[in-house]
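File shown: final_39.cif (mmCIF, C-alpha atoms).
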```
data_query
loop_
_atom_site.group_PDB
_atom_site.id
_atom_site.type_symbol
_atom_site.label_atom_id
_atom_site.label_comp_id
_atom_site.auth_asym_id
_atom_site.auth_seq_id
_atom_site.Cartn_x
_atom_site.Cartn_y
_atom_site.Cartn_z
ATOM 1 C CA MET G 1 133.044 41.484 84.196
ATOM 2 C CA ARG G 2 131.264 44.594 82.918
ATOM 3 C CA LYS G 3 133.491 47.143 81.235
ATOM 4 C CA THR G 4 132.382 49.772 83.741
ATOM 5 C CA THR G 5 133.446 47.593 86.664
ATOM 6 C CA ARG G 6 136.748 46.792 84.957
ATOM 7 C CA LEU G 7 137.500 50.484 84.410
ATOM 8 C CA LYS G 8 136.724 51.386 88.006
ATOM 9 C CA GLU G 9 138.863 48.482 89.192
ATOM 10 C CA LEU G 10 141.800 49.706 87.098
ATOM 11 C CA LEU G 11 141.442 53.283 88.335
ATOM 12 C CA TYR G 12 141.647 52.196 91.958
ATOM 13 C CA ASP G 13 144.568 49.836 91.411
ATOM 14 C CA ASP G 14 148.013 50.847 92.681
ATOM 15 C CA LYS G 15 149.488 50.752 89.172
ATOM 16 C CA ILE G 16 148.864 53.674 86.813
ATOM 17 C CA VAL G 17 146.653 53.120 83.782
ATOM 18 C CA LEU G 18 148.295 54.353 80.571
ATOM 19 C CA THR G 19 145.956 54.966 77.656
ATOM 20 C CA PRO G 20 146.198 56.558 74.215
ATOM 21 C CA GLY G 21 143.627 58.926 72.824
ATOM 22 C CA VAL G 22 141.531 57.286 70.110
ATOM 23 C CA HIS G 23 139.744 59.380 67.510
ATOM 24 C CA ASP G 24 138.100 56.647 65.410
ATOM 25 C CA CYS G 25 137.449 52.913 65.394
ATOM 26 C CA MET G 26 140.711 52.062 63.685
ATOM 27 C CA SER G 27 142.779 53.808 66.346
ATOM 28 C CA ALA G 28 140.719 52.098 69.066
ATOM 29 C CA ILE G 29 141.247 48.663 67.503
ATOM 30 C CA ILE G 30 144.995 49.285 67.269
ATOM 31 C CA ALA G 31 145.111 50.470 70.898
ATOM 32 C CA GLU G 32 143.479 47.218 71.969
ATOM 33 C CA ARG G 33 145.661 45.104 69.673
ATOM 34 C CA VAL G 34 148.938 46.477 71.088
ATOM 35 C CA GLY G 35 147.792 45.748 74.630
ATOM 36 C CA PHE G 36 146.287 48.845 76.228
ATOM 37 C CA ASP G 37 143.695 48.113 78.910
ATOM 38 C CA VAL G 38 141.631 51.268 78.291
ATOM 39 C CA ALA G 39 140.915 53.523 75.309
ATOM 40 C CA TYR G 40 140.239 57.229 75.884
ATOM 41 C CA MET G 41 138.160 59.074 73.292
ATOM 42 C CA THR G 42 139.745 62.339 72.201
ATOM 43 C CA GLY G 43 137.372 65.137 71.271
ATOM 44 C CA PHE G 44 140.311 66.946 69.677
ATOM 45 C CA GLY G 45 140.913 64.034 67.316
ATOM 46 C CA ALA G 46 137.213 63.287 66.845
ATOM 47 C CA SER G 47 136.535 66.796 65.592
ATOM 48 C CA ALA G 48 139.521 66.672 63.248
ATOM 49 C CA SER G 49 138.728 63.216 61.856
ATOM 50 C CA LEU G 50 134.942 63.510 61.673
ATOM 51 C CA ILE G 51 134.479 66.996 60.233
ATOM 52 C CA GLY G 52 137.998 68.342 59.694
ATOM 53 C CA LYS G 53 137.473 71.174 62.180
ATOM 54 C CA PRO G 54 139.335 72.281 65.337
ATOM 55 C CA ASP G 55 138.188 71.280 68.811
ATOM 56 C CA VAL G 56 136.216 74.439 69.558
ATOM 57 C CA GLY G 57 132.801 73.013 70.393
ATOM 58 C CA ILE G 58 131.572 72.492 66.849
ATOM 59 C CA LEU G 59 130.557 68.839 67.119
ATOM 60 C CA THR G 60 127.045 68.287 68.456
ATOM 61 C CA ARG G 61 126.039 65.977 71.301
ATOM 62 C CA ALA G 62 124.558 63.531 68.780
ATOM 63 C CA GLU G 63 127.786 63.443 66.760
ATOM 64 C CA MET G 64 129.980 62.992 69.834
ATOM 65 C CA ALA G 65 127.706 60.335 71.345
ATOM 66 C CA GLU G 66 127.629 58.392 68.081
ATOM 67 C CA ARG G 67 131.417 58.469 67.830
ATOM 68 C CA ALA G 68 131.669 57.290 71.452
ATOM 69 C CA ARG G 69 129.174 54.491 70.781
ATOM 70 C CA ASN G 70 131.073 53.292 67.715
ATOM 71 C CA LEU G 71 134.340 53.252 69.657
ATOM 72 C CA ALA G 72 132.783 51.261 72.488
ATOM 73 C CA MET G 73 131.259 48.745 70.067
ATOM 74 C CA CYS G 74 134.443 47.992 68.152
ATOM 75 C CA VAL G 75 136.664 46.902 71.066
ATOM 76 C CA ASP G 76 136.421 44.705 74.143
ATOM 77 C CA ILE G 77 138.411 47.027 76.418
ATOM 78 C CA PRO G 78 136.677 49.848 78.349
ATOM 79 C CA VAL G 79 136.256 53.131 76.471
ATOM 80 C CA ILE G 80 136.073 56.504 78.205
ATOM 81 C CA GLY G 81 133.919 58.886 76.185
ATOM 82 C CA ASP G 82 134.594 62.601 75.872
ATOM 83 C CA GLY G 83 131.395 64.319 76.988
ATOM 84 C CA ASP G 84 132.713 67.876 76.523
ATOM 85 C CA ASP G 85 130.751 70.253 78.798
ATOM 86 C CA GLY G 86 127.761 67.922 78.977
ATOM 87 C CA PHE G 87 125.938 69.816 76.211
ATOM 88 C CA GLY G 88 123.722 72.226 78.089
ATOM 89 C CA ASN G 89 122.594 72.719 81.659
ATOM 90 C CA ALA G 90 122.257 70.025 84.329
ATOM 91 C CA ILE G 91 119.208 68.529 82.609
ATOM 92 C CA GLY G 92 121.081 68.399 79.313
ATOM 93 C CA MET G 93 123.928 66.728 81.184
ATOM 94 C CA MET G 94 121.566 63.952 82.286
ATOM 95 C CA ARG G 95 120.636 63.229 78.666
ATOM 96 C CA THR G 96 124.337 63.097 77.771
ATOM 97 C CA ILE G 97 124.952 60.491 80.469
ATOM 98 C CA GLU G 98 122.022 58.456 79.172
ATOM 99 C CA LEU G 99 123.411 58.439 75.629
ATOM 100 C CA TYR G 100 127.005 57.595 76.531
ATOM 101 C CA GLU G 101 126.105 54.924 79.062
ATOM 102 C CA SER G 102 123.553 53.235 76.792
ATOM 103 C CA GLY G 103 126.096 53.472 73.963
ATOM 104 C CA GLY G 104 128.462 51.172 75.817
ATOM 105 C CA CYS G 105 131.043 53.573 77.214
ATOM 106 C CA ALA G 106 132.584 52.537 80.530
ATOM 107 C CA GLY G 107 132.948 56.140 81.621
ATOM 108 C CA ILE G 108 132.725 59.749 80.564
ATOM 109 C CA GLN G 109 134.813 62.900 80.945
ATOM 110 C CA LEU G 110 132.876 66.089 81.737
ATOM 111 C CA GLU G 111 134.353 69.581 81.906
ATOM 112 C CA ASP G 112 133.423 72.987 83.288
ATOM 113 C CA GLN G 113 134.033 75.193 80.253
ATOM 114 C CA VAL G 114 131.563 77.742 78.963
ATOM 115 C CA ALA G 115 130.093 76.661 75.630
ATOM 116 C CA PRO G 116 131.394 76.624 73.007
ATOM 117 C CA LYS G 117 134.266 74.799 74.664
ATOM 118 C CA ARG G 118 137.721 74.336 73.208
ATOM 119 C CA CYS G 119 140.731 72.064 73.589
ATOM 120 C CA GLY G 120 142.103 72.408 77.098
ATOM 121 C CA HIS G 121 145.535 73.516 75.897
ATOM 122 C CA MET G 122 144.192 76.297 73.671
ATOM 123 C CA ALA G 123 143.971 79.940 74.751
ATOM 124 C CA GLY G 124 140.677 81.754 75.292
ATOM 125 C CA LYS G 125 138.905 79.320 77.620
ATOM 126 C CA LYS G 126 136.195 80.350 80.062
ATOM 127 C CA VAL G 127 134.633 78.304 82.859
ATOM 128 C CA VAL G 128 131.101 78.244 84.223
ATOM 129 C CA PRO G 129 130.423 79.382 87.814
ATOM 130 C CA PHE G 130 131.496 77.004 90.571
ATOM 131 C CA ASP G 131 127.995 76.054 91.756
ATOM 132 C CA GLU G 132 126.711 75.522 88.220
ATOM 133 C CA PHE G 133 129.392 72.943 87.494
ATOM 134 C CA ILE G 134 128.888 71.086 90.772
ATOM 135 C CA GLY G 135 125.170 70.911 90.032
ATOM 136 C CA LYS G 136 125.922 69.389 86.636
ATOM 137 C CA ILE G 137 128.179 66.746 88.174
ATOM 138 C CA ARG G 138 125.486 65.920 90.750
ATOM 139 C CA ALA G 139 123.034 65.544 87.873
ATOM 140 C CA ALA G 140 125.444 63.269 86.008
ATOM 141 C CA VAL G 141 125.810 61.018 89.045
ATOM 142 C CA ALA G 142 122.038 60.879 89.500
ATOM 143 C CA ALA G 143 121.463 60.043 85.825
ATOM 144 C CA ARG G 144 123.654 56.968 85.539
ATOM 145 C CA LYS G 145 121.953 53.596 85.798
ATOM 146 C CA ASP G 146 125.081 51.514 86.399
ATOM 147 C CA PRO G 147 126.790 52.657 89.633
ATOM 148 C CA ASP G 148 130.128 51.557 88.165
ATOM 149 C CA PHE G 149 129.789 53.855 85.138
ATOM 150 C CA VAL G 150 132.798 56.111 85.757
ATOM 151 C CA ILE G 151 132.239 59.859 85.900
ATOM 152 C CA ILE G 152 135.399 61.905 85.458
ATOM 153 C CA ALA G 153 135.074 65.563 86.422
ATOM 154 C CA ARG G 154 137.484 67.817 84.570
ATOM 155 C CA THR G 155 138.215 71.465 85.308
ATOM 156 C CA ASP G 156 139.831 74.012 83.020
ATOM 157 C CA ALA G 157 139.893 76.594 85.820
ATOM 158 C CA ARG G 158 143.691 76.476 86.220
ATOM 159 C CA ALA G 159 144.149 78.665 83.150
ATOM 160 C CA VAL G 160 141.249 80.972 84.065
ATOM 161 C CA ASN G 161 141.074 81.363 87.853
ATOM 162 C CA GLY G 162 144.253 79.701 89.070
ATOM 163 C CA LEU G 163 145.205 76.393 90.648
ATOM 164 C CA ASP G 164 143.457 76.960 93.992
ATOM 165 C CA ASP G 165 140.065 77.361 92.322
ATOM 166 C CA ALA G 166 140.715 74.315 90.131
ATOM 167 C CA ILE G 167 141.476 72.151 93.167
ATOM 168 C CA ALA G 168 138.466 73.513 95.065
ATOM 169 C CA ARG G 169 136.232 72.589 92.124
ATOM 170 C CA MET G 170 137.603 69.063 92.018
ATOM 171 C CA LYS G 171 137.179 68.578 95.778
ATOM 172 C CA ALA G 172 133.564 69.657 95.420
ATOM 173 C CA CYS G 173 133.109 67.250 92.494
ATOM 174 C CA GLU G 174 134.480 64.444 94.646
ATOM 175 C CA ALA G 175 131.894 65.313 97.304
ATOM 176 C CA ALA G 176 129.222 65.376 94.591
ATOM 177 C CA GLY G 177 130.005 61.774 93.612
ATOM 178 C CA ALA G 178 132.582 61.975 90.795
ATOM 179 C CA ASP G 179 134.744 58.846 90.525
ATOM 180 C CA ALA G 180 137.894 60.569 89.247
ATOM 181 C CA VAL G 181 139.118 64.123 88.720
ATOM 182 C CA PHE G 182 141.140 65.827 86.028
ATOM 183 C CA VAL G 183 142.795 69.251 86.436
ATOM 184 C CA GLU G 184 143.557 70.276 82.862
ATOM 185 C CA ALA G 185 146.625 72.181 81.668
ATOM 186 C CA VAL G 186 148.676 72.350 84.856
ATOM 187 C CA GLU G 187 151.961 74.029 84.008
ATOM 188 C CA SER G 188 154.703 72.462 86.125
ATOM 189 C CA VAL G 189 155.710 69.288 87.919
ATOM 190 C CA GLU G 190 155.208 71.130 91.194
ATOM 191 C CA GLU G 191 151.598 71.867 90.283
ATOM 192 C CA MET G 192 151.127 68.223 89.335
ATOM 193 C CA LYS G 193 152.408 67.188 92.779
ATOM 194 C CA ILE G 194 149.962 69.555 94.463
ATOM 195 C CA VAL G 195 147.017 68.224 92.455
ATOM 196 C CA SER G 196 147.755 64.575 93.180
ATOM 197 C CA SER G 197 148.386 65.220 96.884
ATOM 198 C CA GLU G 198 145.326 67.434 97.450
ATOM 199 C CA LEU G 199 142.775 65.150 95.825
ATOM 200 C CA LYS G 200 141.805 61.793 97.326
ATOM 201 C CA ILE G 201 140.012 60.056 94.447
ATOM 202 C CA PRO G 202 141.866 58.934 91.279
ATOM 203 C CA THR G 203 143.477 61.760 89.315
ATOM 204 C CA ILE G 204 144.038 62.010 85.554
ATOM 205 C CA ALA G 205 147.175 63.359 83.863
ATOM 206 C CA ASN G 206 146.914 64.690 80.303
ATOM 207 C CA MET G 207 150.081 64.389 78.220
ATOM 208 C CA VAL G 208 149.595 66.607 75.147
ATOM 209 C CA GLU G 209 152.641 66.913 72.900
ATOM 210 C CA GLY G 210 153.326 70.645 72.573
ATOM 211 C CA GLY G 211 150.786 71.484 75.300
ATOM 212 C CA LYS G 212 151.134 73.352 78.588
ATOM 213 C CA THR G 213 151.783 70.385 80.886
ATOM 214 C CA PRO G 214 155.281 68.837 81.185
ATOM 215 C CA ILE G 215 155.516 65.472 79.445
ATOM 216 C CA LEU G 216 156.409 62.755 81.949
ATOM 217 C CA THR G 217 156.643 58.998 81.661
ATOM 218 C CA ALA G 218 153.917 56.758 83.030
ATOM 219 C CA GLN G 219 156.226 55.684 85.849
ATOM 220 C CA GLU G 220 156.983 59.293 86.778
ATOM 221 C CA LEU G 221 153.266 60.061 86.854
ATOM 222 C CA GLU G 222 152.598 56.987 88.967
ATOM 223 C CA ASP G 223 155.279 58.140 91.381
ATOM 224 C CA LEU G 224 153.471 61.489 91.619
ATOM 225 C CA GLY G 225 150.285 59.671 92.568
ATOM 226 C CA TYR G 226 148.295 59.801 89.334
ATOM 227 C CA ALA G 227 145.894 56.948 88.591
ATOM 228 C CA LEU G 228 145.565 57.355 84.813
ATOM 229 C CA ALA G 229 147.697 58.981 82.139
ATOM 230 C CA VAL G 230 146.256 59.748 78.733
ATOM 231 C CA CYS G 231 148.185 60.735 75.589
ATOM 232 C CA PRO G 232 145.179 62.127 73.703
ATOM 233 C CA THR G 233 146.789 63.550 70.592
ATOM 234 C CA ALA G 234 149.636 61.108 69.853
ATOM 235 C CA GLY G 235 147.632 58.891 67.514
ATOM 236 C CA THR G 236 145.973 61.769 65.690
ATOM 237 C CA PHE G 237 149.293 63.571 65.184
ATOM 238 C CA ALA G 238 151.013 60.374 64.036
ATOM 239 C CA MET G 239 148.244 59.643 61.537
ATOM 240 C CA ALA G 240 148.494 63.155 60.088
ATOM 241 C CA LYS G 241 152.292 62.961 59.765
ATOM 242 C CA THR G 242 152.204 59.523 58.137
ATOM 243 C CA LEU G 243 149.529 60.554 55.632
ATOM 244 C CA PHE G 244 151.508 63.671 54.740
ATOM 245 C CA ASP G 245 154.606 61.558 54.115
ATOM 246 C CA VAL G 246 152.838 58.867 52.084
ATOM 247 C CA PHE G 247 150.693 61.235 50.029
ATOM 248 C CA THR G 248 153.674 63.505 49.343
ATOM 249 C CA GLU G 249 155.677 60.523 48.097
ATOM 250 C CA LEU G 250 152.785 59.432 45.891
ATOM 251 C CA LYS G 251 152.336 62.906 44.437
ATOM 252 C CA LYS G 252 156.057 63.394 43.865
ATOM 253 C CA ASN G 253 156.977 60.004 42.413
ATOM 254 C CA GLY G 254 153.705 58.528 41.227
ATOM 255 C CA THR G 255 154.107 55.468 43.457
ATOM 256 C CA THR G 256 154.182 54.525 47.136
ATOM 257 C CA GLU G 257 157.164 52.182 46.724
ATOM 258 C CA GLY G 258 159.455 54.527 48.661
ATOM 259 C CA VAL G 259 157.226 54.560 51.732
ATOM 260 C CA LYS G 260 155.961 50.977 51.868
ATOM 261 C CA ASP G 261 157.626 50.616 55.264
ATOM 262 C CA ARG G 262 155.221 53.284 56.584
ATOM 263 C CA MET G 263 152.173 51.213 55.666
ATOM 264 C CA ILE G 264 150.582 48.040 56.987
ATOM 265 C CA GLN G 265 150.238 45.381 54.297
ATOM 266 C CA PHE G 266 146.939 44.250 52.741
ATOM 267 C CA SER G 267 146.730 40.891 54.526
ATOM 268 C CA GLU G 268 147.751 42.390 57.878
ATOM 269 C CA PHE G 269 145.109 45.080 57.555
ATOM 270 C CA ASN G 270 142.393 42.535 56.772
ATOM 271 C CA ASP G 271 143.431 40.584 59.846
ATOM 272 C CA LEU G 272 143.325 43.753 61.964
ATOM 273 C CA ILE G 273 139.738 44.556 61.035
ATOM 274 C CA GLY G 274 138.510 40.986 61.464
ATOM 275 C CA LEU G 275 137.982 39.758 57.918
ATOM 276 C CA THR G 276 138.607 36.131 58.907
ATOM 277 C CA LYS G 277 135.891 36.265 61.570
ATOM 278 C CA TYR G 278 133.345 37.540 59.080
ATOM 279 C CA GLY G 279 134.313 34.841 56.630
ATOM 280 C CA GLU G 280 133.587 32.255 59.307
ATOM 281 C CA LEU G 281 130.231 33.876 60.095
ATOM 282 C CA GLU G 282 129.278 33.771 56.413
ATOM 283 C CA LYS G 283 130.063 30.060 56.263
ATOM 284 C CA GLU G 284 127.960 29.406 59.350
ATOM 285 C CA PHE G 285 124.890 31.499 58.633
ATOM 286 C CA ILE G 286 124.629 32.206 54.896
ATOM 287 C CA CYS G 287 123.113 29.324 52.941
#
```
Can you present the structure in this file as structure tokens?
Amino acid sequence: MRKTTRLKELLYDDKIVLTPGVHDCMSAIIAERVGFDVAYMTGFGASASLIGKPDVGILTRAEMAERARNLAMCVDIPVIGDGDDGFGNAIGMMRTIELYESGGCAGIQLEDQVAPKRCGHMAGKKVVPFDEFIGKIRAAVAARKDPDFVIIARTDARAVNGLDDAIARMKACEAAGADAVFVEAVESVEEMKIVSSELKIPTIANMVEGGKTPILTAQELEDLGYALAVCPTAGTFAMAKTLFDVFTELKKNGTTEGVKDRMIQFSEFNDLIGLTKYGELEKEFIC
């Protein structure tokens, strides 16, 4: 089964899809290894890990598409790429779809922010006019070659124009052919109920630690009617905390002995990244 078809199948299943945000290949491999069915690229984490900058629209389309391609190549589970605002007008959006789809992503998230965009839980966001965004989603749908390539329309209008406008945008995106919708930064459980009840196609819940949306369990989100729950920052935050702890211990004591329990061991790491497989390939093909 194609990864695109598998992703669409999961989205329309009765059981919620829980996925972590992955910012690099290592986090994607670990997500697959522990049993997640889908990996969701985080632009927040990609910007931090790739260039050490905040998620304020600094990464280019080429950089984001390459990161998405690498993620899709390194795992067998479907990867949803973060396509930011599509990188330009509707024609630019079509090129973005071409790059992400040909790069192996099973789907893409596209938002309605004014460039340069920023993380959906940051202040200072602006959104493009209603009709402009719907035109870009129509262009995205027209550009895909695989009809199962999943297009997720995301709106940040809740923080700018209010919940009614956000829902109206998502209903229009559904009519334009989007496969799933994502109202970013809703601020209460009641708002989450309204979103999931008003929209007919699969809805996405974004669980950002310290963000604007209440943190609920996957079961609670399923009970509210959500199809997919993503924890986009958990892995990135955990990596940063662990590195701080390990590097601080090394600097303070000149050894990592006190934090060995925070680290995977050499042999386990080699197994994780597939060293055995490459050894077998060398034996087979290198004379």
(message) I'd like the neighbourhood of Ala229 of chain G as number ranges by chain, where a residue qualifies if any of its atoms comes within 10 Å (using all atoms listed in the file), though same-chain residues fewer than 2 positions away should be ignored.
(response) G: 16-20, 40, 203-207, 216-219, 221-222, 226-227, 231-232
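The space separating atom CA of Met73 of chain G from atom CA of Val22 of chain G comes to 13.4 Å.
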As lines of an AutoDock Vina configuration file, please report the centre and edge lengths, rounded to one decimal in Å, of the axis-aligned box that holds all listed atoms of segment 196-201 of chain G with 3 Å of padding on each of the six sides.
```
center_x = 144.2
center_y = 63.7
center_z = 95.3
size_x = 14.4
size_y = 13.4
size_z = 10.3
```
(message) As a check of understanding, name the residues that the PyMOL selection byres ((chain G and resi 193) around 10) selects in the supplied structure, as a ChimeraX atom specification.
(response) /G:188-192,194-198,221,223-226
Save out the residues we just selected, C-alpha atoms, as an mmCIF file, in the coordinates of the input.
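This went into out-v5.cif:
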```cif
data_model
loop_
_atom_site.group_PDB
_atom_site.id
_atom_site.type_symbol
_atom_site.label_atom_id
_atom_site.label_comp_id
_atom_site.auth_asym_id
_atom_site.auth_seq_id
_atom_site.Cartn_x
_atom_site.Cartn_y
_atom_site.Cartn_z
ATOM 1 C CA SER G 188 154.703 72.462 86.125
ATOM 2 C CA VAL G 189 155.710 69.288 87.919
ATOM 3 C CA GLU G 190 155.208 71.130 91.194
ATOM 4 C CA GLU G 191 151.598 71.867 90.283
ATOM 5 C CA MET G 192 151.127 68.223 89.335
ATOM 6 C CA ILE G 194 149.962 69.555 94.463
ATOM 7 C CA VAL G 195 147.017 68.224 92.455
ATOM 8 C CA SER G 196 147.755 64.575 93.180
ATOM 9 C CA SER G 197 148.386 65.220 96.884
ATOM 10 C CA GLU G 198 145.326 67.434 97.450
ATOM 11 C CA LEU G 221 153.266 60.061 86.854
ATOM 12 C CA ASP G 223 155.279 58.140 91.381
ATOM 13 C CA LEU G 224 153.471 61.489 91.619
ATOM 14 C CA GLY G 225 150.285 59.671 92.568
ATOM 15 C CA TYR G 226 148.295 59.801 89.334
#
```
(request) Name every residue that the PyMOL selection byres ((chain G and resi 133-147) around 9) selects in this structure, writing the answer as an MDAnalysis selection string with chains first and numbers rising. (result) chainID G and resid 4:5 86 89:98 101 110:113 127:132 148:151 153 169 172:173 176:178
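Closest approach to Leu272 of chain G among G:Leu163, G:Met1, G:Ala72, G:Val34: G:Val34, based on all atoms listed in the file.
Here the PyMOL selection byres ((chain G and resi 23) around 10) matches the residues Pro20, Gly21, Val22, Asp24, Cys25, Met26, Ser27, Ala28, Ala39, Tyr40, Met41, Thr42, Gly43, Phe44, Gly45, Ala46, Ser47, Ala48, Ser49, Leu50, Arg67, Ala68, Leu71, Pro232, Thr233, Gly235 and Thr236 of chain G.
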Residues within 10 Å of segment 237-246 of chain G, all atoms listed in the file, excluding chain neighbours under 2 positions, as a short mmCIF file (atom, residue, chain, number, x, y, z; two decimals) with C-alpha atoms, keeping the file's coordinate frame:
```cif
data_model
loop_
_atom_site.label_atom_id
_atom_site.label_comp_id
_atom_site.auth_asym_id
_atom_site.auth_seq_id
_atom_site.Cartn_x
_atom_site.Cartn_y
_atom_site.Cartn_z
CA SER G 27 142.78 53.81 66.35
CA GLY G 45 140.91 64.03 67.32
CA SER G 49 138.73 63.22 61.86
CA GLU G 209 152.64 66.91 72.90
CA PRO G 232 145.18 62.13 73.70
CA THR G 233 146.79 63.55 70.59
CA ALA G 234 149.64 61.11 69.85
CA GLY G 235 147.63 58.89 67.51
CA THR G 248 153.67 63.50 49.34
CA GLU G 249 155.68 60.52 48.10
CA LEU G 250 152.78 59.43 45.89
CA LYS G 251 152.34 62.91 44.44
CA LYS G 252 156.06 63.39 43.86
CA THR G 255 154.11 55.47 43.46
CA THR G 256 154.18 54.52 47.14
CA GLU G 257 157.16 52.18 46.72
CA GLY G 258 159.46 54.53 48.66
CA VAL G 259 157.23 54.56 51.73
CA LYS G 260 155.96 50.98 51.87
CA ARG G 262 155.22 53.28 56.58
CA MET G 263 152.17 51.21 55.67
#
```
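The gap separating atom CA of Glu184 of chain G from atom CA of Thr155 of chain G is 6.0 Å, in Å to one decimal.
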(message) Could you tell me how far atom CA of Asp84 of chain G sits from atom CA of Leu228 of chain G, in Å to one decimal place?
(response) 18.6 Å
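Using all atoms listed in the file, the smallest distance between any of G:Met122, G:Ile286, G:Leu275, G:Leu59 and Gly210 of chain G comes from G:Met122.
Residues in contact with Asn70 of chain G at 9 Å, where only C-alpha atoms are counted and same-chain residues fewer than 4 positions away are skipped, are listed as Asp24, Cys25, Ala65, Glu66, Cys74, Gly103 and Gly104 of chain G.
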